[in-house]
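The data block below is start.cif; it holds mmCIF, N, CA and C atoms.
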```cif
data_start
loop_
_atom_site.label_atom_id
_atom_site.label_comp_id
_atom_site.auth_asym_id
_atom_site.auth_seq_id
_atom_site.Cartn_x
_atom_site.Cartn_y
_atom_site.Cartn_z
N MET A 522 0.84 -1.18 0.00
CA MET A 522 0.00 0.00 0.00
C MET A 522 0.88 1.24 0.00
N SER A 523 0.42 2.24 -0.74
CA SER A 523 1.16 3.49 -0.72
C SER A 523 0.96 4.17 0.63
N SER A 524 1.77 5.16 0.88
CA SER A 524 1.67 5.88 2.15
C SER A 524 0.28 6.49 2.33
N SER A 525 -0.27 7.12 1.29
CA SER A 525 -1.59 7.74 1.43
C SER A 525 -2.68 6.68 1.59
N ALA A 526 -2.55 5.54 0.89
CA ALA A 526 -3.52 4.45 1.06
C ALA A 526 -3.42 3.87 2.46
N SER A 527 -2.21 3.76 2.96
CA SER A 527 -2.00 3.25 4.31
C SER A 527 -2.60 4.20 5.35
N GLU A 528 -2.41 5.49 5.12
CA GLU A 528 -2.98 6.48 6.04
C GLU A 528 -4.50 6.43 6.01
N MET A 529 -5.10 6.28 4.81
CA MET A 529 -6.55 6.19 4.67
C MET A 529 -7.06 4.95 5.40
N TYR A 530 -6.36 3.83 5.24
CA TYR A 530 -6.74 2.59 5.91
C TYR A 530 -6.71 2.78 7.43
N ASP A 531 -5.64 3.38 7.93
CA ASP A 531 -5.52 3.63 9.36
C ASP A 531 -6.64 4.53 9.86
N GLU A 532 -6.97 5.56 9.09
CA GLU A 532 -8.04 6.47 9.49
C GLU A 532 -9.39 5.76 9.51
N LEU A 533 -9.63 4.92 8.51
CA LEU A 533 -10.89 4.16 8.49
C LEU A 533 -10.98 3.18 9.65
N GLN A 534 -9.86 2.56 10.00
CA GLN A 534 -9.83 1.65 11.15
C GLN A 534 -10.17 2.41 12.44
N GLU A 535 -9.61 3.60 12.57
CA GLU A 535 -9.88 4.42 13.76
C GLU A 535 -11.34 4.86 13.79
N LEU A 536 -11.88 5.27 12.63
CA LEU A 536 -13.28 5.67 12.57
C LEU A 536 -14.20 4.51 12.92
N GLU A 537 -13.88 3.32 12.44
CA GLU A 537 -14.70 2.16 12.77
C GLU A 537 -14.66 1.87 14.27
N TYR A 538 -13.48 1.93 14.86
CA TYR A 538 -13.34 1.70 16.29
C TYR A 538 -14.16 2.71 17.08
N GLU A 539 -14.04 4.00 16.72
CA GLU A 539 -14.79 5.05 17.41
C GLU A 539 -16.30 4.84 17.25
N CYS A 540 -16.72 4.42 16.07
CA CYS A 540 -18.14 4.17 15.83
C CYS A 540 -18.66 3.05 16.72
N VAL A 541 -17.94 1.94 16.74
CA VAL A 541 -18.37 0.80 17.56
C VAL A 541 -18.44 1.20 19.03
N GLN A 542 -17.44 1.95 19.48
CA GLN A 542 -17.45 2.42 20.87
C GLN A 542 -18.68 3.30 21.13
N ALA A 543 -18.95 4.23 20.24
CA ALA A 543 -20.10 5.13 20.40
C ALA A 543 -21.42 4.36 20.39
N LEU A 544 -21.55 3.41 19.48
CA LEU A 544 -22.78 2.61 19.43
C LEU A 544 -22.95 1.80 20.71
N ASN A 545 -21.87 1.21 21.21
CA ASN A 545 -21.94 0.44 22.45
C ASN A 545 -22.31 1.32 23.63
N GLU A 546 -21.74 2.53 23.71
CA GLU A 546 -22.07 3.45 24.80
C GLU A 546 -23.52 3.88 24.72
N THR A 547 -24.01 4.16 23.53
CA THR A 547 -25.40 4.57 23.35
C THR A 547 -26.34 3.45 23.77
N GLN A 548 -26.03 2.22 23.36
CA GLN A 548 -26.87 1.08 23.71
C GLN A 548 -26.86 0.79 25.20
N ALA A 549 -25.79 1.17 25.87
CA ALA A 549 -25.69 0.93 27.31
C ALA A 549 -26.61 1.87 28.10
N VAL A 550 -26.89 3.06 27.54
CA VAL A 550 -27.70 4.04 28.29
C VAL A 550 -29.06 4.31 27.65
N THR A 551 -29.28 3.82 26.45
CA THR A 551 -30.53 4.09 25.73
C THR A 551 -31.13 2.77 25.26
N ALA A 552 -32.42 2.62 25.44
CA ALA A 552 -33.08 1.41 24.95
C ALA A 552 -33.10 1.40 23.43
N ARG A 553 -32.97 0.23 22.86
CA ARG A 553 -33.08 0.11 21.40
C ARG A 553 -34.50 0.49 20.98
N PRO A 554 -34.65 0.94 19.75
CA PRO A 554 -36.00 1.29 19.29
C PRO A 554 -36.92 0.07 19.36
N THR A 555 -38.19 0.32 19.59
CA THR A 555 -39.15 -0.77 19.55
C THR A 555 -39.63 -0.94 18.11
N GLY A 556 -40.13 -2.10 17.79
CA GLY A 556 -40.58 -2.36 16.43
C GLY A 556 -39.40 -2.59 15.49
N LEU A 557 -39.69 -2.45 14.21
CA LEU A 557 -38.65 -2.66 13.21
C LEU A 557 -37.69 -1.49 13.15
N TYR A 558 -36.42 -1.78 12.97
CA TYR A 558 -35.42 -0.72 12.83
C TYR A 558 -34.17 -1.28 12.16
N CYS A 559 -33.40 -0.39 11.60
CA CYS A 559 -32.09 -0.75 11.06
C CYS A 559 -31.08 -0.57 12.18
N GLU A 560 -30.29 -1.59 12.40
CA GLU A 560 -29.30 -1.55 13.47
C GLU A 560 -28.14 -0.63 13.11
N GLY A 561 -27.67 0.11 14.10
CA GLY A 561 -26.53 1.00 13.90
C GLY A 561 -25.30 0.23 13.45
N MET A 562 -24.48 0.88 12.64
CA MET A 562 -23.30 0.20 12.10
C MET A 562 -22.32 1.20 11.51
N PHE A 563 -21.12 0.73 11.26
CA PHE A 563 -20.13 1.47 10.50
C PHE A 563 -20.14 0.86 9.10
N ASP A 564 -20.38 1.67 8.07
CA ASP A 564 -20.51 1.14 6.72
C ASP A 564 -19.22 1.22 5.90
N GLY A 565 -18.14 1.54 6.56
CA GLY A 565 -16.87 1.69 5.86
C GLY A 565 -16.50 3.14 5.61
N TRP A 566 -17.47 4.04 5.77
CA TRP A 566 -17.25 5.47 5.59
C TRP A 566 -17.83 6.28 6.75
N SER A 567 -19.02 5.91 7.21
CA SER A 567 -19.73 6.70 8.22
C SER A 567 -20.31 5.80 9.29
N CYS A 568 -20.62 6.40 10.42
CA CYS A 568 -21.24 5.69 11.54
C CYS A 568 -22.73 6.01 11.55
N TRP A 569 -23.54 4.97 11.59
CA TRP A 569 -25.00 5.13 11.55
C TRP A 569 -25.61 4.63 12.85
N ASN A 570 -26.47 5.43 13.45
CA ASN A 570 -27.18 5.02 14.65
C ASN A 570 -28.35 4.11 14.29
N ASP A 571 -28.90 3.41 15.29
CA ASP A 571 -30.14 2.66 15.07
C ASP A 571 -31.16 3.64 14.50
N THR A 572 -31.91 3.20 13.49
CA THR A 572 -32.91 4.06 12.86
C THR A 572 -34.21 3.30 12.71
N PRO A 573 -35.29 3.83 13.29
CA PRO A 573 -36.59 3.15 13.17
C PRO A 573 -37.00 2.98 11.70
N ALA A 574 -37.67 1.88 11.40
CA ALA A 574 -38.19 1.64 10.05
C ALA A 574 -39.10 2.80 9.64
N GLY A 575 -39.00 3.19 8.39
CA GLY A 575 -39.83 4.28 7.89
C GLY A 575 -39.22 5.65 8.07
N HIS A 576 -38.10 5.74 8.78
CA HIS A 576 -37.41 7.01 8.98
C HIS A 576 -36.19 7.05 8.06
N VAL A 577 -35.79 8.24 7.71
CA VAL A 577 -34.63 8.41 6.84
C VAL A 577 -33.47 8.93 7.67
N ALA A 578 -32.33 8.29 7.54
CA ALA A 578 -31.11 8.76 8.18
C ALA A 578 -30.18 9.25 7.08
N ASN A 579 -29.46 10.32 7.35
CA ASN A 579 -28.49 10.77 6.36
C ASN A 579 -27.27 11.31 7.06
N GLN A 580 -26.19 11.34 6.33
CA GLN A 580 -24.91 11.81 6.85
C GLN A 580 -24.25 12.66 5.76
N SER A 581 -23.44 13.59 6.17
CA SER A 581 -22.61 14.30 5.21
C SER A 581 -21.50 13.37 4.75
N CYS A 582 -21.01 13.59 3.53
CA CYS A 582 -19.90 12.78 3.05
C CYS A 582 -18.68 13.04 3.93
N PRO A 583 -17.86 12.02 4.15
CA PRO A 583 -16.68 12.19 5.00
C PRO A 583 -15.69 13.19 4.38
N THR A 584 -15.06 13.96 5.21
CA THR A 584 -14.12 14.98 4.75
C THR A 584 -12.80 14.39 4.29
N PHE A 585 -12.51 13.14 4.63
CA PHE A 585 -11.22 12.56 4.28
C PHE A 585 -11.19 11.97 2.88
N VAL A 586 -12.29 12.00 2.15
CA VAL A 586 -12.32 11.47 0.80
C VAL A 586 -11.63 12.45 -0.13
N THR A 587 -10.53 12.04 -0.75
CA THR A 587 -9.75 12.89 -1.62
C THR A 587 -10.60 13.40 -2.77
N GLY A 588 -10.57 14.72 -2.97
CA GLY A 588 -11.30 15.33 -4.07
C GLY A 588 -12.70 15.76 -3.71
N PHE A 589 -13.21 15.30 -2.57
CA PHE A 589 -14.55 15.70 -2.16
C PHE A 589 -14.47 17.00 -1.39
N GLU A 590 -15.23 17.97 -1.81
CA GLU A 590 -15.25 19.26 -1.15
C GLU A 590 -16.69 19.57 -0.73
N PRO A 591 -17.04 19.26 0.53
CA PRO A 591 -18.43 19.40 0.98
C PRO A 591 -18.97 20.82 0.92
N ASP A 592 -18.10 21.82 0.89
CA ASP A 592 -18.58 23.20 0.90
C ASP A 592 -18.70 23.80 -0.50
N SER A 593 -18.44 23.01 -1.53
CA SER A 593 -18.50 23.58 -2.89
C SER A 593 -19.78 23.17 -3.59
#
```
Translate the structure described by the file into structure tokens.
Amino acid sequence: MSSSASEMYDELQELEYECVQALNETQAVTARPTGLYCEGMFDGWSCWNDTPAGHVANQSCPTFVTGFEPDS
């Protein structure tokens, strides 16, 4: 892997770890939604919380994606 690919991999690993920690902490203090829901997860780019069925969840694109400029 190139240095930049290695750095991206390391950053994604850290983001996944932080996501799992955050989801575990949330689940420890908050009851899971009742009924149908999508379980929270890290999708390889972003961290998603549990989301009740029929609701829409969205996230901004990650700032670490080369060439992506969220403010343009």
Looking only at the backbone, which of the residues in chain A does DSSP tag as strand (DSSP E), as number ranges by chain?
A: 558-559, 562-563, 568-569, 572-573
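Considering only chain A, backbone DSSP assigns alpha helix (DSSP H) to A:Ser524, A:Ser525, A:Ala526, A:Ser527, A:Glu528, A:Met529, A:Tyr530, A:Asp531, A:Glu532, A:Leu533, A:Gln534, A:Glu535, A:Leu536, A:Glu537, A:Tyr538, A:Glu539, A:Cys540, A:Val541, A:Gln542, A:Ala543, A:Leu544, A:Asn545, A:Glu546, A:Thr547, A:Gln548, A:Ala549, A:Val550.
Take the PyMOL selection byres ((chain A and resi 551-557) around 7) and apply it to this file: it picks Glu546, Thr547, Gln548, Ala549, Val550, Tyr558, Cys559, Asp571, Thr572, Pro573, Ala574 and Gly575 of chain A.
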For the file shown, what are the residues hit by the PyMOL selection byres ((chain A and resi 563-568) around 6), laid out as a PyMOL selection string?
chain A and resi 537+540+561-562+569-570
Would you compute the distance between CA of Leu536 in chain A and atom C of Cys582 in chain A? Give it in Å to one decimal.
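We find that CA of Leu536 in chain A and atom C of Cys582 in chain A lie 12.6 Å from each other.
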Using the chain letters and residue numbers of this document, give as a PyMOL selection string the residues selected by the PyMOL selection byres (((chain A and resi 532 and name CA) around 12) and name CA).
chain A and resi 525-531+533-539+565-567+583-586
